[in-house]
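What's in final27.txt: compact mmCIF, C-alpha atoms
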# COMPACT_ATOMS: atom_id res chain seq x y z
CA MET A 56 14.02 87.76 89.52
CA LYS A 57 10.74 87.17 87.75
CA LYS A 58 11.01 89.61 84.85
CA ILE A 59 12.33 93.04 83.83
CA ILE A 60 9.78 95.22 82.02
CA TYR A 61 12.04 97.36 79.82
CA VAL A 62 10.56 100.60 78.41
CA MET A 63 12.31 102.29 75.50
CA GLY A 64 11.68 104.64 72.62
CA LYS A 65 13.05 107.66 70.82
CA SER A 66 13.32 110.96 72.68
CA ALA A 67 9.93 112.67 73.20
CA SER A 68 8.05 109.46 72.32
CA GLY A 69 6.36 109.59 75.72
CA LYS A 70 8.36 106.73 77.24
CA ASP A 71 8.88 108.57 80.54
CA THR A 72 5.15 109.19 80.87
CA VAL A 73 4.38 105.58 79.94
CA PHE A 74 6.96 104.43 82.50
CA LYS A 75 5.29 106.52 85.25
CA ARG A 76 1.83 105.23 84.33
CA ILE A 77 3.06 101.62 84.49
CA GLN A 78 4.50 102.42 87.94
CA GLN A 79 1.15 103.78 89.09
CA GLU A 80 -0.89 100.89 87.73
CA ILE A 81 1.44 98.05 88.76
CA PRO A 82 3.07 99.39 91.95
CA GLU A 83 4.55 96.00 92.84
CA LEU A 84 7.09 96.43 90.01
CA ARG A 85 10.39 97.54 91.49
CA THR A 86 12.11 100.33 89.63
CA VAL A 87 15.77 100.43 88.69
CA VAL A 88 17.37 103.85 88.62
CA LEU A 89 20.10 104.41 86.05
CA TYR A 90 23.23 106.47 86.64
CA THR A 91 24.15 109.47 84.49
CA THR A 92 26.80 112.15 84.26
CA ARG A 93 24.49 114.54 82.44
CA PRO A 94 23.28 117.66 84.25
CA ARG A 95 20.04 117.44 86.18
CA ARG A 96 17.02 118.95 84.39
CA GLU A 97 14.54 121.26 86.05
CA GLY A 98 12.29 119.21 88.36
CA GLU A 99 14.49 116.09 88.44
CA SER A 100 15.64 114.57 91.73
CA ASP A 101 18.72 112.50 92.44
CA GLY A 102 17.77 108.86 92.90
CA VAL A 103 14.37 109.31 91.21
CA GLU A 104 14.90 109.87 87.48
CA TYR A 105 18.62 109.03 87.69
CA TYR A 106 21.51 108.84 90.11
CA PHE A 107 23.47 111.90 89.03
CA THR A 108 27.13 110.96 89.24
CA THR A 109 30.59 111.75 87.88
CA VAL A 110 32.90 109.99 85.43
CA PRO A 111 35.39 109.03 88.18
CA GLU A 112 32.57 107.52 90.28
CA LEU A 113 31.42 105.42 87.31
CA LYS A 114 35.00 104.32 86.60
CA GLN A 115 35.24 103.12 90.19
CA LYS A 116 32.03 101.07 89.79
CA GLU A 117 33.43 99.61 86.56
CA GLN A 118 36.64 98.57 88.35
CA GLU A 119 34.43 96.88 90.98
CA GLY A 120 32.67 94.91 88.19
CA LYS A 121 29.29 96.51 88.87
CA ILE A 122 28.52 97.99 85.44
CA ILE A 123 25.86 95.99 83.57
CA GLU A 124 25.92 98.36 80.63
CA SER A 125 27.01 101.91 79.88
CA ARG A 126 27.05 104.23 76.93
CA THR A 127 28.43 107.71 76.31
CA TYR A 128 26.91 110.28 73.99
CA GLU A 129 28.82 113.20 72.54
CA THR A 130 26.32 116.00 73.13
CA VAL A 131 26.59 119.69 72.29
CA CYS A 132 27.33 120.16 76.04
CA GLY A 133 30.10 117.55 76.09
CA PRO A 134 30.05 113.78 76.78
CA TRP A 135 27.19 112.37 78.88
CA THR A 136 27.38 108.80 80.17
CA TYR A 137 24.43 106.63 81.20
CA ALA A 138 24.87 103.31 83.00
CA THR A 139 22.96 100.45 84.59
CA VAL A 140 24.77 99.39 87.73
CA ASP A 141 24.43 96.15 89.67
CA ASP A 142 24.40 98.02 92.97
CA GLY A 143 21.88 95.94 94.91
CA GLN A 144 18.79 97.17 93.08
CA PHE A 145 18.28 93.64 91.62
CA ASP A 146 18.24 91.97 95.02
CA SER A 147 15.04 89.94 94.97
CA LYS A 148 14.49 86.67 93.13
CA GLU A 149 10.72 86.99 93.61
CA ALA A 150 10.31 90.55 92.30
CA ALA A 151 9.60 91.92 88.84
CA TYR A 152 11.36 95.12 87.82
CA LEU A 153 10.61 98.16 85.68
CA MET A 154 13.40 99.86 83.74
CA ILE A 155 13.74 102.53 81.08
CA GLY A 156 16.53 102.93 78.54
CA THR A 157 17.70 102.73 74.95
CA LEU A 158 17.88 99.84 72.50
CA GLU A 159 21.59 99.55 73.22
CA SER A 160 21.05 99.36 76.99
CA TYR A 161 18.14 96.96 76.50
CA LEU A 162 20.32 94.61 74.43
CA LYS A 163 23.14 94.60 76.98
CA THR A 164 20.72 94.11 79.88
CA LYS A 165 19.11 91.21 77.99
CA GLU A 166 22.55 89.67 77.48
CA TYR A 167 23.37 90.11 81.18
CA PHE A 168 20.15 88.61 82.59
CA GLY A 169 18.95 86.40 79.70
CA GLU A 170 16.29 86.88 77.05
CA ASN A 171 13.56 85.08 79.01
CA LYS A 172 13.92 87.63 81.85
CA ILE A 173 13.22 90.73 79.73
CA PHE A 174 9.87 92.02 78.41
CA PRO A 175 10.43 94.86 75.91
CA VAL A 176 8.02 97.82 75.73
CA TYR A 177 8.94 99.86 72.65
CA VAL A 178 6.99 103.14 72.51
CA GLU A 179 6.84 105.04 69.23
CA VAL A 180 5.20 108.13 67.81
CA GLU A 181 5.25 109.92 64.47
CA ASP A 182 8.44 111.99 64.00
CA GLY A 183 6.72 115.38 63.54
CA THR A 184 4.77 114.92 66.76
CA ARG A 185 7.95 113.84 68.54
CA LEU A 186 9.87 116.90 67.42
CA LEU A 187 7.09 119.25 68.53
CA ARG A 188 6.93 117.53 71.93
CA ALA A 189 10.71 117.81 72.34
CA ILE A 190 10.68 121.52 71.54
CA GLN A 191 7.77 122.16 73.92
CA ARG A 192 9.58 120.27 76.70
CA GLU A 193 12.80 122.19 76.08
CA GLN A 194 10.95 125.52 76.22
CA LYS A 195 10.21 124.80 79.88
CA GLU A 196 13.93 124.75 80.77
CA LYS A 197 15.58 127.86 82.24
CA SER A 198 18.12 127.81 79.41
CA PRO A 199 16.63 125.91 76.46
CA ASN A 200 19.20 123.98 74.44
CA TYR A 201 17.62 123.49 71.03
CA ALA A 202 20.89 122.32 69.49
CA GLU A 203 20.83 119.31 71.84
CA VAL A 204 17.18 118.63 70.94
CA CYS A 205 18.18 118.53 67.27
CA ARG A 206 21.23 116.33 67.98
CA ARG A 207 19.10 113.81 69.92
CA PHE A 208 16.39 113.82 67.25
CA LEU A 209 18.89 113.02 64.49
CA ALA A 210 20.80 110.49 66.61
CA ASP A 211 17.55 108.63 67.31
CA GLU A 212 17.15 107.95 63.61
CA GLN A 213 20.30 105.83 63.74
CA ASP A 214 20.00 104.52 67.30
CA PHE A 215 16.46 103.21 66.69
CA GLY A 216 16.81 102.25 63.03
CA GLU A 217 14.79 99.35 61.68
CA ASP A 218 17.88 97.14 61.48
CA LYS A 219 18.62 97.72 65.17
CA LEU A 220 15.01 97.08 66.19
CA LYS A 221 15.18 93.77 64.33
CA GLN A 222 18.59 92.90 65.87
CA CYS A 223 17.15 93.51 69.35
CA GLY A 224 14.14 91.30 68.64
CA ILE A 225 11.56 94.08 68.99
CA LYS A 226 8.41 92.57 67.51
CA VAL A 227 5.67 94.58 69.26
CA ARG A 228 5.48 98.37 69.04
CA TYR A 229 3.18 100.54 71.10
CA GLU A 230 1.94 103.56 69.15
CA ASN A 231 1.61 106.55 71.50
CA GLU A 232 -0.82 108.76 69.58
CA ASN A 233 -3.40 108.36 72.36
CA LEU A 234 -1.66 107.92 75.71
CA ASP A 235 -4.55 106.18 77.47
CA ASP A 236 -5.02 103.62 74.70
CA CYS A 237 -1.28 103.02 74.47
CA VAL A 238 -0.90 102.49 78.23
CA ARG A 239 -3.99 100.24 78.37
CA GLN A 240 -2.50 97.90 75.76
CA ILE A 241 0.93 97.91 77.42
CA LEU A 242 -0.56 97.10 80.84
CA SER A 243 -2.60 94.25 79.38
CA ASP A 244 0.50 92.74 77.74
CA ILE A 245 2.65 93.18 80.86
CA ARG A 246 0.10 91.47 83.08
CA GLN A 247 -0.04 88.52 80.68
CA SER A 248 3.76 88.24 80.72
CA LEU A 249 4.17 88.20 84.51
Structure rendered as structure tokens:
Amino acid sequence: MKKIIYVMGKSASGKDTVFKRIQQEIPELRTVVLYTTRPRREGESDGVEYYFTTVPELKQKEQEGKIIESRTYETVCGPWTYATVDDGQFDSKEAAYLMIGTLESYLKTKEYFGENKIFPVYVEVEDGTRLLRAIQREQKEKSPNYAEVCRRFLADEQDFGEDKLKQCGIKVRYENENLDDCVRQILSDIRQSL
């Protein structure tokens, strides 16, 4: 494998949009779809945003030694697990890959594949803007869950704390105040890294 471009950021930082723009601009990057036990959101498709799975199915993959990393969050709706699975998605030595996740998943993936194989793309935005974006996104759901929005917002303060960013070796941050400018800089840096 040439390289894994790993996109991460706090909730509502725009990382999903950045991820999709990278996909459009560099279509030769293969994507890696994570597994999750969380419920599917409106407009999501199985195998596109995530593989929607169950806890027993993930336990089976763990017993088979296929879990690269996993993490479980205690949400207001119960526990939700997310996992990166070595299920054949990393099959080419000549390809570069595009992934999205958290700092925790980034760190474990880096440990699994090696630091020289991972290019981090940390997207950030001012907290007030992030909170407004999260609320606006949640308003589009059939049954908005504002308690979960608040839980994620507060959890992000710990999960993406400065000490953890430093521990993960995040040196470059991409400010997403203007999406086009942010994506332009990210694409330039990715192309130089490949």
Report as JSON lines: every residue of stretch 82-123 of chain A with an atom at most 10 Å from stretch 141-156 of chain A, its closest pair of atoms, and their distance in Å to one decimal, counting all atoms listed in the file, with rows sorted by chain and ascending residue number.
{"residue": "A:Pro82", "atom": "CA", "partner": "A:Leu153", "partner_atom": "CA", "distance": 9.9}
{"residue": "A:Glu83", "atom": "CA", "partner": "A:Ala151", "partner_atom": "CA", "distance": 7.6}
{"residue": "A:Leu84", "atom": "CA", "partner": "A:Tyr152", "partner_atom": "CA", "distance": 5.0}
{"residue": "A:Arg85", "atom": "CA", "partner": "A:Tyr152", "partner_atom": "CA", "distance": 4.5}
{"residue": "A:Thr86", "atom": "CA", "partner": "A:Leu153", "partner_atom": "CA", "distance": 4.7}
{"residue": "A:Val87", "atom": "CA", "partner": "A:Met154", "partner_atom": "CA", "distance": 5.5}
{"residue": "A:Val88", "atom": "CA", "partner": "A:Met154", "partner_atom": "CA", "distance": 7.4}
{"residue": "A:Leu89", "atom": "CA", "partner": "A:Ile155", "partner_atom": "CA", "distance": 8.3}
{"residue": "A:Glu104", "atom": "CA", "partner": "A:Ile155", "partner_atom": "CA", "distance": 9.8}
{"residue": "A:Lys116", "atom": "CA", "partner": "A:Asp142", "partner_atom": "CA", "distance": 8.8}
{"residue": "A:Gly120", "atom": "CA", "partner": "A:Asp141", "partner_atom": "CA", "distance": 8.5}
{"residue": "A:Lys121", "atom": "CA", "partner": "A:Asp141", "partner_atom": "CA", "distance": 4.9}
{"residue": "A:Ile122", "atom": "CA", "partner": "A:Asp141", "partner_atom": "CA", "distance": 6.2}
{"residue": "A:Ile123", "atom": "CA", "partner": "A:Asp141", "partner_atom": "CA", "distance": 6.3}
So, counting only C-alpha atoms, which residue among A:Gln194, A:Thr164, A:Thr72, A:Thr108 is closest to A:Asn231?
-> A:Thr72
Which residues, protein or nucleic acid, reach to within 12 Å of (22.4, 109.1, 66.4) in the file's coordinates when using all atoms listed in the file, and can you give that as an mmCIF file with C-alpha atoms, in the coordinates of the input?
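Saved as part12.cif:
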data_model
loop_
_atom_site.group_PDB
_atom_site.id
_atom_site.type_symbol
_atom_site.label_atom_id
_atom_site.label_comp_id
_atom_site.auth_asym_id
_atom_site.auth_seq_id
_atom_site.Cartn_x
_atom_site.Cartn_y
_atom_site.Cartn_z
ATOM 1 C CA LYS A 65 13.050 107.660 70.820
ATOM 2 C CA SER A 66 13.320 110.960 72.680
ATOM 3 C CA THR A 127 28.430 107.710 76.310
ATOM 4 C CA TYR A 128 26.910 110.280 73.990
ATOM 5 C CA GLU A 129 28.820 113.200 72.540
ATOM 6 C CA THR A 130 26.320 116.000 73.130
ATOM 7 C CA THR A 157 17.700 102.730 74.950
ATOM 8 C CA LEU A 158 17.880 99.840 72.500
ATOM 9 C CA GLU A 159 21.590 99.550 73.220
ATOM 10 C CA GLU A 203 20.830 119.310 71.840
ATOM 11 C CA VAL A 204 17.180 118.630 70.940
ATOM 12 C CA CYS A 205 18.180 118.530 67.270
ATOM 13 C CA ARG A 206 21.230 116.330 67.980
ATOM 14 C CA ARG A 207 19.100 113.810 69.920
ATOM 15 C CA PHE A 208 16.390 113.820 67.250
ATOM 16 C CA LEU A 209 18.890 113.020 64.490
ATOM 17 C CA ALA A 210 20.800 110.490 66.610
ATOM 18 C CA ASP A 211 17.550 108.630 67.310
ATOM 19 C CA GLU A 212 17.150 107.950 63.610
ATOM 20 C CA GLN A 213 20.300 105.830 63.740
ATOM 21 C CA ASP A 214 20.000 104.520 67.300
ATOM 22 C CA PHE A 215 16.460 103.210 66.690
ATOM 23 C CA GLY A 216 16.810 102.250 63.030
#
Spatial neighbours of A:Ile77, 10 Å, all atoms listed in the file, chain gap at least 4 places, as a list in words |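 The neighbour list is Ile60, Val62, Asp71, Thr72, Val73, Ile81, Pro82, Leu84, Leu153, Val238, Arg239, Ile241, Leu242 and Ile245 of chain A.
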Counting all atoms listed in the file, the option among A:Gly64, A:Arg76, A:Arg95, A:Gly133 closest to A:Leu220 = A:Gly64
Using only the atoms of stretch 163-171 of chain A listed in the file, plus 3 Å on each side, state the axis-aligned box centre and edge lengths in Å rounded to one decimal, as AutoDock Vina command-line options.
--center_x 18.5 --center_y 89.8 --center_z 79.8 --size_x 15.8 --size_y 15.5 --size_z 11.6
Please measure the separation of atom CA of A:Glu97 and atom CA of A:Ala67, giving the value in Å to one decimal.
->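 Separation between atom CA of A:Glu97 and atom CA of A:Ala67: 16.1 Å.
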Minimum-distance residue to A:Glu230, chosen among A:Ser248, A:Ser100, A:Ser68, A:Asn171 (using all atoms listed in the file) |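 Among the listed residues, A:Ser68 lies closest to A:Glu230.
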Between A:Gln118, A:Lys57, A:Gln78, A:Val131, which has the minimum distance to A:Arg93 (counting only C-alpha atoms)?
->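 Of A:Gln118, A:Lys57, A:Gln78, A:Val131, the one nearest A:Arg93, counting only C-alpha atoms, is A:Val131.
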d(atom CA of A:Glu232, atom CA of A:Glu193) in Å =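 Going from atom CA of A:Glu232 over to atom CA of A:Glu193, I get 20.2 Å.
In this comparison, which uses only C-alpha atoms, the residue of A:Val176, A:Lys75, A:Glu124, A:Glu166 approaching A:Val103 most closely is A:Lys75.
If you measure from each of A:Ile225, A:Cys132, A:Tyr167, A:Ser125 to A:Tyr201 using all atoms listed in the file, the closest one turns out to be A:Cys132.
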One decimal, Å: what's the distance from atom CA of A:Pro134 over to atom CA of A:Phe174, could you say?
->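 Separating atom CA of A:Pro134 from atom CA of A:Phe174 is a distance of 29.7 Å.
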Stretch 81-229 of chain A from the block above, C-alpha atoms, as a short mmCIF file (atom, residue, chain, number, x, y, z; two decimals), in the first residue's frame, please?
data_model
loop_
_atom_site.label_atom_id
_atom_site.label_comp_id
_atom_site.auth_asym_id
_atom_site.auth_seq_id
_atom_site.Cartn_x
_atom_site.Cartn_y
_atom_site.Cartn_z
CA ILE A 81 -8.51 12.26 -6.46
CA PRO A 82 -10.74 9.37 -7.61
CA GLU A 83 -7.82 6.93 -7.71
CA LEU A 84 -7.81 6.88 -3.89
CA ARG A 85 -9.56 3.75 -2.69
CA THR A 86 -11.97 4.27 0.16
CA VAL A 87 -12.21 2.13 3.26
CA VAL A 88 -15.64 1.77 4.77
CA LEU A 89 -15.84 1.45 8.55
CA TYR A 90 -18.28 -0.79 10.41
CA THR A 91 -20.75 0.55 12.97
CA THR A 92 -23.54 -0.67 15.20
CA ARG A 93 -25.19 2.75 15.32
CA PRO A 94 -28.51 3.24 13.55
CA ARG A 95 -28.45 4.42 9.96
CA ARG A 96 -29.18 8.14 9.49
CA GLU A 97 -31.56 9.50 6.91
CA GLY A 98 -29.92 9.28 3.47
CA GLU A 99 -27.14 6.86 4.48
CA SER A 100 -26.58 3.60 2.59
CA ASP A 101 -25.05 0.37 3.84
CA GLY A 102 -21.55 -0.03 2.44
CA VAL A 103 -21.25 3.66 1.53
CA GLU A 104 -20.94 5.71 4.72
CA TYR A 105 -20.55 2.60 6.91
CA TYR A 106 -21.23 -1.11 6.98
CA PHE A 107 -24.12 -1.20 9.43
CA THR A 108 -23.62 -4.28 11.56
CA THR A 109 -24.39 -5.84 14.94
CA VAL A 110 -22.33 -6.46 18.07
CA PRO A 111 -22.32 -10.26 17.53
CA GLU A 112 -21.09 -9.80 13.94
CA LEU A 113 -18.23 -7.57 15.16
CA LYS A 114 -17.35 -10.07 17.90
CA GLN A 115 -17.08 -12.76 15.23
CA LYS A 116 -14.69 -10.58 13.19
CA GLU A 117 -12.64 -9.96 16.34
CA GLN A 118 -12.38 -13.71 16.98
CA GLU A 119 -11.16 -14.08 13.38
CA GLY A 120 -8.42 -11.49 14.07
CA LYS A 121 -9.79 -9.01 11.54
CA ILE A 122 -10.32 -5.96 13.76
CA ILE A 123 -7.68 -3.27 13.17
CA GLU A 124 -9.27 -0.94 15.69
CA SER A 125 -12.62 -0.47 17.38
CA ARG A 126 -14.15 1.87 19.88
CA THR A 127 -17.51 2.03 21.66
CA TYR A 128 -19.28 5.20 22.71
CA GLU A 129 -21.94 5.34 25.38
CA THR A 130 -24.54 7.49 23.64
CA VAL A 131 -27.93 8.66 24.88
CA CYS A 132 -29.35 5.89 22.63
CA GLY A 133 -27.12 3.18 24.09
CA PRO A 134 -23.64 1.92 23.10
CA TRP A 135 -22.50 2.44 19.49
CA THR A 136 -19.38 0.67 18.23
CA TYR A 137 -17.24 1.74 15.27
CA ALA A 138 -14.52 -0.48 13.82
CA THR A 139 -11.95 -0.70 11.04
CA VAL A 140 -11.86 -4.25 9.76
CA ASP A 141 -9.16 -5.95 7.71
CA ASP A 142 -11.76 -7.55 5.45
CA GLY A 143 -9.96 -7.34 2.11
CA GLN A 144 -10.41 -3.61 1.59
CA PHE A 145 -6.60 -3.14 1.93
CA ASP A 146 -5.80 -5.61 -0.84
CA SER A 147 -3.51 -3.65 -3.14
CA LYS A 148 0.14 -2.85 -2.52
CA GLU A 149 0.09 -0.25 -5.30
CA ALA A 150 -2.99 1.69 -4.17
CA ALA A 151 -3.42 4.69 -1.90
CA TYR A 152 -6.43 4.74 0.39
CA LEU A 153 -8.78 7.34 1.86
CA MET A 154 -10.23 6.85 5.34
CA ILE A 155 -12.20 8.87 7.86
CA GLY A 156 -12.26 8.44 11.63
CA THR A 157 -11.31 9.75 15.05
CA LEU A 158 -7.95 10.48 16.65
CA GLU A 159 -8.21 7.18 18.51
CA SER A 160 -8.88 5.20 15.33
CA TYR A 161 -6.15 7.13 13.49
CA LEU A 162 -3.61 6.24 16.19
CA LYS A 163 -4.49 2.54 16.14
CA THR A 164 -4.47 2.44 12.34
CA LYS A 165 -1.06 4.15 12.34
CA GLU A 166 0.21 1.54 14.80
CA TYR A 167 -1.18 -1.27 12.62
CA PHE A 168 0.24 -0.09 9.28
CA GLY A 169 3.19 2.09 10.39
CA GLU A 170 3.63 5.84 10.68
CA ASN A 171 5.16 6.25 7.21
CA LYS A 172 1.98 4.81 5.63
CA ILE A 173 -0.44 7.37 7.13
CA PHE A 174 -1.03 10.99 6.06
CA PRO A 175 -3.23 12.79 8.64
CA VAL A 176 -5.80 15.38 7.54
CA TYR A 177 -7.13 17.07 10.68
CA VAL A 178 -10.07 19.38 9.90
CA GLU A 179 -11.11 21.97 12.47
CA VAL A 180 -13.58 24.80 12.82
CA GLU A 181 -14.51 27.25 15.57
CA ASP A 182 -16.71 25.63 18.24
CA GLY A 183 -19.71 27.99 17.86
CA THR A 184 -19.84 27.34 14.13
CA ARG A 185 -19.54 23.60 14.76
CA LEU A 186 -22.42 23.57 17.21
CA LEU A 187 -24.68 25.50 14.84
CA ARG A 188 -23.82 23.11 12.00
CA ALA A 189 -24.57 20.10 14.21
CA ILE A 190 -27.95 21.46 15.23
CA GLN A 191 -28.85 22.31 11.62
CA ARG A 192 -27.87 18.80 10.50
CA GLU A 193 -29.90 17.22 13.30
CA GLN A 194 -32.96 19.28 12.39
CA LYS A 195 -33.07 17.39 9.08
CA GLU A 196 -33.61 14.05 10.86
CA LYS A 197 -37.12 12.61 11.21
CA SER A 198 -36.65 12.46 14.98
CA PRO A 199 -33.95 14.97 15.98
CA ASN A 200 -31.86 13.85 18.94
CA TYR A 201 -30.41 17.04 20.39
CA ALA A 202 -29.23 15.29 23.55
CA GLU A 203 -26.89 13.17 21.40
CA VAL A 204 -25.66 16.31 19.59
CA CYS A 205 -24.77 17.81 22.97
CA ARG A 206 -23.11 14.59 24.18
CA ARG A 207 -20.94 14.40 21.04
CA PHE A 208 -20.04 18.09 21.25
CA LEU A 209 -18.86 17.74 24.86
CA ALA A 210 -17.11 14.40 24.23
CA ASP A 211 -15.16 15.97 21.35
CA GLU A 212 -13.57 18.42 23.77
CA GLN A 213 -11.87 15.50 25.49
CA ASP A 214 -11.42 13.21 22.48
CA PHE A 215 -9.67 15.93 20.46
CA GLY A 216 -7.90 17.71 23.30
CA GLU A 217 -4.57 19.40 22.64
CA ASP A 218 -2.70 16.70 24.55
CA LYS A 219 -4.22 13.98 22.36
CA LEU A 220 -3.48 15.91 19.15
CA LYS A 221 0.14 16.17 20.26
CA GLN A 222 0.27 12.47 21.24
CA CYS A 223 -1.01 11.51 17.77
CA GLY A 224 1.59 13.70 16.07
CA ILE A 225 -0.92 16.06 14.45
CA LYS A 226 1.20 18.99 13.31
CA VAL A 227 -0.89 20.41 10.45
CA ARG A 228 -4.48 21.57 10.93
CA TYR A 229 -6.85 22.51 8.14
#
